[in-house]
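One file, coords.txt, is given below (compact mmCIF, C-alpha atoms).
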# COMPACT_ATOMS: atom_id res chain seq x y z
CA MET A 135 -20.83 2.37 31.83
CA LEU A 136 -19.90 5.99 31.21
CA ALA A 137 -17.23 5.78 33.93
CA ALA A 138 -15.60 2.76 32.29
CA ILE A 139 -14.86 4.52 29.01
CA THR A 140 -13.19 7.67 30.28
CA LEU A 141 -9.68 6.37 29.63
CA GLN A 142 -10.16 5.80 25.90
CA VAL A 143 -11.79 9.07 24.89
CA ASP A 144 -10.67 12.22 23.24
CA PRO A 145 -9.27 14.48 25.99
CA SER A 146 -11.65 17.26 24.92
CA GLU A 147 -14.56 14.97 25.78
CA ALA A 148 -13.07 13.79 29.08
CA ASP A 149 -14.13 16.98 30.82
CA LEU A 150 -17.71 16.62 29.59
CA ILE A 151 -17.83 13.00 30.75
CA GLU A 152 -16.55 13.98 34.15
CA ARG A 153 -19.19 16.69 34.45
CA ALA A 154 -21.90 14.31 33.24
CA LEU A 155 -20.85 11.82 35.91
CA LEU A 156 -21.25 14.55 38.49
CA GLY A 157 -24.86 14.78 37.44
CA GLN A 158 -24.67 17.77 35.10
CA ASP A 159 -27.23 16.73 32.50
CA GLU A 160 -26.33 19.55 30.14
CA ALA A 161 -22.78 18.14 29.88
CA PHE A 162 -24.16 14.78 28.80
CA ARG A 163 -26.39 16.40 26.20
CA GLU A 164 -23.41 18.35 24.89
CA LEU A 165 -21.37 15.16 24.76
CA VAL A 166 -23.96 13.27 22.74
CA ARG A 167 -25.19 16.03 20.42
CA PRO A 168 -22.40 15.81 17.80
CA HIS A 169 -22.99 12.06 17.48
CA GLU A 170 -26.77 11.93 17.19
CA ARG A 171 -26.69 11.40 13.47
CA ALA A 172 -24.17 8.57 13.71
CA VAL A 173 -26.24 6.76 16.34
CA PHE A 174 -29.40 7.01 14.28
CA ILE A 175 -27.67 5.85 11.12
CA THR A 176 -26.10 2.90 12.94
CA THR A 177 -29.31 1.56 14.48
CA GLN A 178 -31.17 2.01 11.23
CA ALA A 179 -28.38 0.21 9.39
CA ILE A 180 -28.48 -2.87 11.62
CA LEU A 181 -32.18 -3.39 11.01
CA LYS A 182 -31.68 -2.87 7.29
CA ASN A 183 -28.72 -5.27 7.16
CA GLU A 184 -30.79 -8.18 8.38
CA ALA A 185 -33.36 -7.67 5.65
CA ASP A 186 -30.60 -7.33 3.05
CA ALA A 187 -28.86 -10.51 4.21
CA GLU A 188 -31.99 -12.49 3.51
CA LEU A 189 -32.38 -10.99 0.04
CA ILE A 190 -28.75 -11.72 -0.75
CA GLU A 191 -29.17 -15.33 0.26
CA ARG A 192 -32.20 -15.68 -1.99
CA ALA A 193 -30.46 -13.92 -4.88
CA LEU A 194 -27.52 -16.31 -4.58
CA LEU A 195 -29.99 -19.19 -4.83
CA GLY A 196 -30.99 -17.82 -8.20
CA GLN A 197 -34.12 -15.88 -7.23
CA ASP A 198 -33.84 -12.94 -9.60
CA GLU A 199 -36.61 -10.95 -7.96
CA ALA A 200 -34.57 -10.89 -4.73
CA PHE A 201 -31.64 -9.22 -6.45
CA ARG A 202 -33.91 -6.64 -8.06
CA GLU A 203 -35.48 -5.94 -4.69
CA LEU A 204 -32.03 -5.60 -3.15
CA VAL A 205 -30.87 -3.04 -5.71
CA ARG A 206 -34.05 -1.03 -6.21
CA PRO A 207 -33.80 1.16 -3.08
CA HIS A 208 -30.25 2.12 -4.08
CA GLU A 209 -30.54 2.78 -7.82
CA ARG A 210 -30.76 6.53 -7.24
CA ALA A 211 -27.75 6.49 -4.93
CA VAL A 212 -25.78 4.52 -7.52
CA PHE A 213 -26.56 7.06 -10.23
CA ILE A 214 -25.82 10.07 -8.04
CA THR A 215 -22.43 8.57 -7.23
CA THR A 216 -21.43 7.89 -10.81
CA GLN A 217 -22.79 11.24 -11.92
CA ALA A 218 -20.87 13.05 -9.19
CA ILE A 219 -17.68 11.66 -10.61
CA LEU A 220 -18.47 11.70 -14.33
CA LYS A 221 -20.92 14.62 -14.65
CA ASN A 222 -21.90 13.57 -18.18
CA GLU A 223 -25.31 11.96 -17.78
CA ALA A 224 -24.91 9.26 -20.42
CA ASP A 225 -21.53 8.14 -19.06
CA ALA A 226 -22.92 8.21 -15.54
CA GLU A 227 -25.86 6.02 -16.52
CA ASP A 228 -23.52 3.60 -18.28
CA ALA A 229 -21.28 3.34 -15.22
CA ALA A 230 -24.32 2.92 -12.94
CA GLN A 231 -25.58 0.00 -15.05
CA GLU A 232 -22.14 -1.58 -15.13
CA ALA A 233 -21.87 -1.23 -11.36
CA VAL A 234 -25.19 -3.02 -10.79
CA LEU A 235 -24.21 -5.84 -13.17
CA LYS A 236 -20.85 -6.14 -11.44
CA ALA A 237 -22.55 -6.31 -8.07
CA PHE A 238 -24.67 -9.17 -9.39
CA THR A 239 -21.66 -11.06 -10.78
CA ASN A 240 -19.71 -10.59 -7.56
CA LEU A 241 -22.53 -11.03 -5.09
CA ALA A 242 -21.03 -14.25 -3.71
CA LYS A 243 -17.95 -12.22 -2.75
CA PHE A 244 -19.97 -9.84 -0.59
CA ARG A 245 -18.80 -10.58 2.94
CA GLY A 246 -21.32 -8.60 4.91
CA ASP A 247 -18.67 -6.62 6.80
CA SER A 248 -20.29 -3.48 5.43
CA LYS A 249 -23.84 -2.66 4.43
CA PHE A 250 -24.87 -3.94 1.01
CA SER A 251 -25.54 -0.35 -0.06
CA THR A 252 -22.03 0.70 0.97
CA TRP A 253 -20.56 -2.14 -1.02
CA LEU A 254 -22.70 -1.28 -4.03
CA ILE A 255 -21.84 2.43 -3.89
CA ARG A 256 -18.16 1.56 -3.59
CA ILE A 257 -18.44 -0.50 -6.77
CA ALA A 258 -20.25 2.39 -8.45
CA ALA A 259 -17.58 4.90 -7.41
CA ASN A 260 -14.80 2.63 -8.65
CA GLU A 261 -16.60 2.00 -11.92
CA ALA A 262 -17.01 5.75 -12.49
CA LEU A 263 -13.40 6.51 -11.54
CA MET A 264 -12.18 3.84 -13.97
CA LYS A 265 -14.29 5.32 -16.73
CA LEU A 266 -12.98 8.79 -15.88
CA ARG A 267 -9.37 7.64 -16.09
CA LYS A 268 -10.01 5.86 -19.38
CA GLY A 269 -11.60 9.01 -20.77
CA ARG A 270 -8.60 11.02 -19.67
CA ARG A 271 -6.14 8.76 -21.35
CA GLN A 272 -8.10 9.22 -24.56
CA LYS A 273 -8.20 12.97 -24.21
CA LEU A 274 -4.81 14.26 -23.14
CA HIS A 275 -6.04 17.78 -22.75
CA ASP A 276 -8.94 16.91 -20.57
CA SER A 277 -10.16 20.08 -18.91
CA LEU A 278 -11.08 18.04 -15.84
CA ASP A 279 -7.40 17.78 -15.01
CA GLU A 280 -7.15 21.50 -14.58
CA GLN A 281 -10.14 21.50 -12.30
CA ARG A 282 -8.80 18.65 -10.22
CA THR A 283 -5.67 20.38 -8.96
CA ASP A 284 -5.38 20.78 -5.23
CA GLU A 285 -5.23 24.55 -4.90
CA GLU A 286 -7.79 25.70 -2.35
CA GLY A 287 -8.38 29.28 -1.38
CA ASP A 288 -10.85 30.14 1.35
CA TYR A 289 -14.44 30.07 0.25
CA MET A 290 -16.47 33.01 1.45
CA PRO A 291 -20.17 32.42 1.99
CA ARG A 292 -22.01 34.78 -0.34
CA ASP A 293 -25.48 34.64 1.03
CA PHE A 294 -26.61 35.20 4.57
CA ALA A 295 -30.30 34.51 4.22
CA ASP A 296 -31.62 33.00 7.38
CA TRP A 297 -32.58 29.38 6.83
CA ARG A 298 -33.76 27.68 9.95
CA GLU A 299 -36.06 24.88 8.99
CA ILE A 300 -36.71 22.76 5.96
CA PRO A 301 -40.40 22.25 5.47
CA SER A 302 -40.68 18.46 5.19
CA GLU A 303 -43.27 18.66 2.44
CA ALA A 304 -40.65 20.51 0.39
CA LEU A 305 -38.81 17.22 -0.07
CA GLN A 306 -41.61 15.98 -2.25
CA LYS A 307 -41.40 18.94 -4.55
CA LYS A 308 -40.09 18.49 -8.02
CA GLU A 309 -38.60 22.00 -7.98
CA LEU A 310 -36.55 21.11 -4.96
CA ARG A 311 -35.15 18.00 -6.63
CA GLN A 312 -34.28 20.04 -9.68
CA ALA A 313 -32.69 22.75 -7.57
CA LEU A 314 -30.60 20.14 -5.76
CA SER A 315 -29.43 18.64 -9.03
CA ARG A 316 -28.57 22.09 -10.39
CA ALA A 317 -26.71 23.00 -7.22
CA LEU A 318 -24.76 19.76 -7.40
CA ALA A 319 -23.93 20.35 -11.04
CA SER A 320 -22.53 23.77 -10.14
CA LEU A 321 -19.74 22.20 -8.06
CA THR A 322 -16.43 21.27 -9.70
CA PRO A 323 -15.90 17.50 -10.10
CA LYS A 324 -13.42 17.21 -7.23
CA HIS A 325 -15.77 18.97 -4.83
CA ARG A 326 -18.83 17.16 -6.09
CA GLU A 327 -17.40 13.66 -5.67
CA VAL A 328 -16.27 14.34 -2.10
CA PHE A 329 -19.59 15.96 -1.22
CA VAL A 330 -21.69 13.15 -2.67
CA LEU A 331 -19.69 10.35 -1.05
CA ARG A 332 -19.66 12.07 2.34
CA ASP A 333 -23.01 13.85 2.63
CA VAL A 334 -25.30 11.97 0.28
CA GLN A 335 -23.88 8.47 0.72
CA HIS A 336 -22.68 8.92 4.32
CA PHE A 337 -19.19 7.51 3.91
CA ASN A 338 -16.94 8.80 6.66
CA ILE A 339 -13.94 10.99 5.92
CA ALA A 340 -11.43 8.13 5.97
CA GLU A 341 -13.54 5.99 3.62
CA THR A 342 -14.11 8.89 1.26
CA ALA A 343 -10.36 9.57 1.16
CA HIS A 344 -9.64 5.91 0.54
CA LEU A 345 -12.21 5.56 -2.24
CA LEU A 346 -10.96 8.60 -4.13
CA GLY A 347 -7.29 7.98 -3.41
CA ILE A 348 -6.77 11.39 -1.77
CA LYS A 349 -5.68 12.53 1.69
CA GLU A 350 -8.16 12.98 4.52
CA SER A 351 -7.08 16.60 4.80
CA ALA A 352 -8.04 17.11 1.14
CA VAL A 353 -11.44 15.55 1.82
CA LYS A 354 -12.03 18.00 4.65
CA THR A 355 -10.95 21.06 2.64
CA ARG A 356 -13.05 20.10 -0.37
CA LEU A 357 -16.00 19.19 1.79
CA LEU A 358 -15.99 22.59 3.45
CA ARG A 359 -16.04 24.41 0.14
CA ALA A 360 -18.65 22.09 -1.32
CA ARG A 361 -20.96 22.49 1.66
CA LEU A 362 -20.70 26.27 1.75
CA GLN A 363 -21.26 26.47 -1.98
CA MET A 364 -24.24 24.12 -1.81
CA ARG A 365 -25.73 26.21 0.98
CA ASP A 366 -25.23 29.39 -1.03
CA ALA A 367 -26.88 27.75 -4.01
CA LEU A 368 -29.85 26.44 -2.06
CA ALA A 369 -30.54 28.88 0.75
CA PRO A 370 -32.36 31.46 -1.37
CA GLY A 371 -34.71 28.87 -2.79
CA ILE A 372 -35.58 27.40 0.55
CA ASP A 373 -35.86 30.86 1.99
CA GLY A 374 -38.66 31.90 -0.24
CA SER A 375 -38.46 31.81 -4.00
CA TRP A 376 -39.65 28.19 -4.28
CA SER A 377 -42.58 28.52 -1.97
CA THR A 378 -43.61 32.01 -3.08
CA GLY A 379 -42.83 31.56 -6.75
CA ARG A 380 -40.92 34.84 -6.72
CA ASN A 381 -37.36 35.00 -7.92
CA GLU A 382 -36.09 37.52 -5.42
CA TYR A 383 -35.23 36.55 -1.87
CA LYS A 384 -34.25 38.24 1.32
CA GLN A 385 -30.56 38.92 1.52
CA VAL A 386 -28.62 40.06 4.51
CA ARG A 387 -25.16 40.86 3.29
CA PRO A 388 -22.51 42.62 5.32
CA TRP A 389 -20.90 44.08 2.17
CA MET B 276 -12.98 33.40 29.44
CA VAL B 277 -13.48 32.35 25.82
CA VAL B 278 -11.04 33.78 23.26
CA GLU B 279 -12.84 35.61 20.46
CA ILE B 280 -12.91 34.21 16.95
CA SER B 281 -13.47 36.03 13.64
CA CYS B 282 -16.20 35.30 11.07
CA GLU B 283 -13.58 34.08 8.57
CA GLU B 284 -12.23 31.62 11.10
CA VAL B 285 -15.75 30.39 11.83
CA TRP B 286 -16.44 29.79 8.11
CA ARG B 287 -13.25 27.76 7.85
CA GLU B 288 -14.50 25.44 10.57
CA VAL B 289 -18.21 25.18 9.69
CA SER B 290 -17.75 21.78 8.14
CA ASN B 291 -15.53 20.34 10.89
CA TYR B 292 -17.97 21.70 13.45
CA LEU B 293 -20.84 19.76 11.84
CA ASP B 294 -18.75 16.59 11.71
CA GLY B 295 -17.67 16.94 15.34
CA GLU B 296 -14.07 17.17 14.13
CA ILE B 297 -13.01 20.10 16.32
CA SER B 298 -11.75 20.46 19.85
CA GLN B 299 -14.08 21.30 22.68
CA GLU B 300 -12.26 24.59 23.06
CA LEU B 301 -12.85 25.67 19.45
CA ARG B 302 -16.46 24.52 19.66
CA ALA B 303 -16.97 26.75 22.69
CA ARG B 304 -15.40 29.72 20.91
CA MET B 305 -17.62 29.21 17.88
CA GLU B 306 -20.75 28.88 19.97
CA GLU B 307 -19.86 32.10 21.78
CA HIS B 308 -19.46 33.77 18.37
CA PHE B 309 -22.85 32.54 17.14
CA LYS B 310 -24.55 34.26 20.07
CA GLY B 311 -23.54 37.64 18.72
CA CYS B 312 -23.31 37.05 14.95
CA LYS B 313 -26.47 36.39 12.97
CA HIS B 314 -24.57 36.00 9.68
CA CYS B 315 -22.47 33.15 10.96
CA THR B 316 -25.51 31.62 12.63
CA ALA B 317 -27.31 31.75 9.28
CA VAL B 318 -24.33 30.12 7.55
CA MET B 319 -24.15 27.37 10.16
CA ASP B 320 -27.89 26.69 10.30
CA GLY B 321 -28.14 26.74 6.54
CA THR B 322 -25.22 24.40 6.06
CA ARG B 323 -26.64 21.99 8.62
CA ASN B 324 -30.04 22.10 6.91
CA MET B 325 -28.49 21.56 3.50
CA VAL B 326 -26.51 18.54 4.74
CA GLN B 327 -29.70 17.14 6.23
CA LEU B 328 -31.57 17.76 3.00
CA VAL B 329 -29.10 16.00 0.71
CA GLY B 330 -28.63 13.14 3.17
CA ASP B 331 -31.53 11.40 1.57
CA ALA B 332 -30.65 10.24 -1.93
CA THR B 333 -34.33 10.26 -2.89
CA ALA B 334 -34.09 14.05 -2.90
CA PHE B 335 -32.28 13.87 -6.26
CA GLU B 336 -33.59 13.46 -9.75
CA LEU B 337 -32.98 10.44 -11.92
CA PRO B 338 -32.95 10.74 -15.72
CA ALA B 339 -36.31 9.75 -17.24
CA GLY B 340 -36.44 6.04 -17.99
CA PHE B 341 -33.33 5.27 -15.93
CA SER B 342 -34.93 2.43 -13.95
CA ASN B 343 -36.45 0.79 -17.00
CA ARG B 344 -33.18 0.77 -18.86
CA LEU B 345 -31.33 -0.51 -15.79
CA TYR B 346 -33.68 -3.43 -15.22
CA GLN B 347 -33.82 -4.33 -18.91
CA LYS B 348 -30.05 -4.62 -18.90
CA LEU B 349 -30.09 -6.51 -15.63
CA ASP B 350 -32.75 -8.92 -16.91
CA ARG B 351 -30.64 -9.69 -19.98
CA LYS B 352 -27.72 -10.46 -17.68
CA LEU B 353 -29.87 -12.61 -15.39
CA THR B 354 -31.25 -14.61 -18.33
CA LYS B 355 -27.74 -15.14 -19.66
CA SER B 356 -26.50 -16.30 -16.29
CA HIS B 357 -29.36 -18.81 -16.00
CA GLN B 358 -28.61 -20.13 -19.48
CA SER B 359 -24.94 -20.64 -18.72
CA ARG B 360 -25.85 -22.38 -15.47
CA LYS B 361 -28.13 -24.76 -17.38
CA GLU B 362 -25.43 -25.47 -19.94
CA GLU B 363 -23.02 -26.39 -17.15
Starting from the coordinates I provided, produce the structure as structure tokens.
Amino acid sequence: MLAAITLQVDPSEADLIERALLGQDEAFRELVRPHERAVFITTQAILKNEADAELIERALLGQDEAFRELVRPHERAVFITTQAILKNEADAEDAAQEAVLKAFTNLAKFRGDSKFSTWLIRIAANEALMKLRKGRRQKLHDSLDEQRTDEEGDYMPRDFADWREIPSEALQKKELRQALSRALASLTPKHREVFVLRDVQHFNIAETAHLLGIKESAVKTRLLRARLQMRDALAPGIDGSWSTGRNEYKQVRPW
Amino acid sequence: MVVEISCEEVWREVSNYLDGEISQELRARMEEHFKGCKHCTAVMDGTRNMVQLVGDATAFELPAGFSNRLYQKLDRKLTKSHQSRKEE
């Protein structure tokens, strides 16, 4: 199987495949490691898709509860998407509601060539972008425009606190949720929307670029800055201040 | 022999490294750099952890009452759609 695919792969991976075929297990591990996440997400998605397909069928037959059940696991994702683009909470909630209603109206048009959640989030992103554009037309001097220019300098990480593991119980903590929301709010709109679509909603780079109508290279540049900034914003908390209740944290800065 | 890479260059590629969007050669140079640079290792580990953390949408807060308002609105829409179906 591995031998059959060597012709179609990235040349940088060809060497690893060759070594793996020679029995070097470490080469195979190295080959697979960058794609672990994608494999997990894919298998999980297939199982989820089957359950969703059944709910969609029932919803189309007029069973309201099925549609509610279909949407419920994604309501948070819908809101995060619209808020990433609109920032203003009331506008974001409005757009999120509109997106869900639109999904209901257009459910018969869902073709199943993507996950239902992907389709729903795409509707939410479009709804928010439309609202944003409308808002801009109304306010000619919208400050967002200034923030949405494409100038990118290098972002320097500011914090070098060591952050190896996330305690899983931390996910349940209200403070962590609040810290995440605050960190997200600290990004500029153009960084936030890219970050949310890519890292929270798991769209790939091409899809993210397509949804936002920007180049893939711009997605990558903005994503880098957003990720580094998010890490800077969150590392100290994870490192100690949330679990110890103290505000100070260990810093290891070279300057 | 792996060509050395600076911290600044590493930071520029942190994101592409996580997404597997770099060449094998650059990956090897970065990994060599991590062995001797705890700052860059902290940046990389932290960024990876952060990405993992936000990858679950349930980690974020919703405004209070969001679900209730959403389903009220949805229910109104569903009722309307049933009515119009009946009228047809």
Can you write out as a tab-separated table which residues of range 281-355 of chain B fall within 9 Å of range 220-235 of chain A, alongside each residue's closest atom pair and its distance in Å to one decimal, counting only C-alpha atoms and ordering rows by chain and ascending residue number?
residue	atom	partner	partner_atom	distance
B:Pro338	CA	A:Glu223	CA	8.0
B:Phe341	CA	A:Glu227	CA	7.5
B:Arg344	CA	A:Gln231	CA	8.5
B:Leu345	CA	A:Gln231	CA	5.8
B:Tyr346	CA	A:Gln231	CA	8.8
B:Lys348	CA	A:Gln231	CA	7.5
B:Leu349	CA	A:Leu235	CA	6.4
B:Lys352	CA	A:Leu235	CA	7.3
Quiz item: Given the choices B:Lys310, B:Thr354, B:Arg287, B:Thr333, which gets closest to Phe213 in chain A if the distance is worked out from all atoms listed in the file?
Solution: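 Distance minimum relative to Phe213 in chain A lands on B:Thr333.
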Do you have, as CSV, the list of residues of chain B lying at most 7 Å from chain A, each with its nearest atom pair and that distance in Å to one decimal, counting only C-alpha atoms and ordered by chain then number?
residue,atom,partner,partner_atom,distance
B:Ser290,CA,A:Leu358,CA,5.1
B:Gly295,CA,A:Pro168,CA,5.4
B:Ser298,CA,A:Ser146,CA,6.0
B:Gln299,CA,A:Ser146,CA,5.2
B:His314,CA,A:Phe294,CA,5.6
B:Ala317,CA,A:Asp296,CA,4.9
B:Val318,CA,A:Phe294,CA,6.3
B:Asp320,CA,A:Arg298,CA,6.0
B:Gly321,CA,A:Trp297,CA,5.2
B:Thr322,CA,A:Arg365,CA,5.4
B:Asn324,CA,A:Ile300,CA,6.8
B:Met325,CA,A:Arg365,CA,6.0
B:Val326,CA,A:Asp333,CA,6.2
B:Val329,CA,A:Val334,CA,5.6
B:Gly330,CA,A:Val334,CA,4.6
B:Asp331,CA,A:Val334,CA,6.4
B:Ala332,CA,A:Ala211,CA,5.6
B:Thr333,CA,A:Arg210,CA,6.8
B:Ala334,CA,A:Arg311,CA,5.5
B:Phe335,CA,A:Arg311,CA,5.0
B:Glu336,CA,A:Arg311,CA,5.7
B:Leu337,CA,A:Arg210,CA,6.5
B:Leu345,CA,A:Gln231,CA,5.8
B:Leu349,CA,A:Leu235,CA,6.4
Quiz item: How far is it from CA of Ala340 in chain A to CA of Ile151 in chain A, in Å with one decimal?
Solution: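 For CA of Ala340 in chain A relative to CA of Ile151 in chain A, the distance reads 26.1 Å.
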Self-check item: Atomic separation - CA of Val285 in chain B relative to CA of Ala303 in chain B, Å
Solution: 11.5 Å
Exercise. For CA of Thr316 in chain B and CA of Arg304 in chain B, determine how far apart the two atoms are, in Å to one decimal place.
Key: 13.2 Å
Practice problem: Could you check which of A:Thr322, A:Lys249, A:Ile219, A:Ala317 is closest to Ile175 in chain A, using all atoms listed in the file? | Solution: A:Lys249
Practice problem: Could you tell me which of A:Asn240, A:Ser248, A:Thr342, A:Ser351 comes closest to Glu296 in chain B if we count all atoms listed in the file? | Solution: A:Ser351
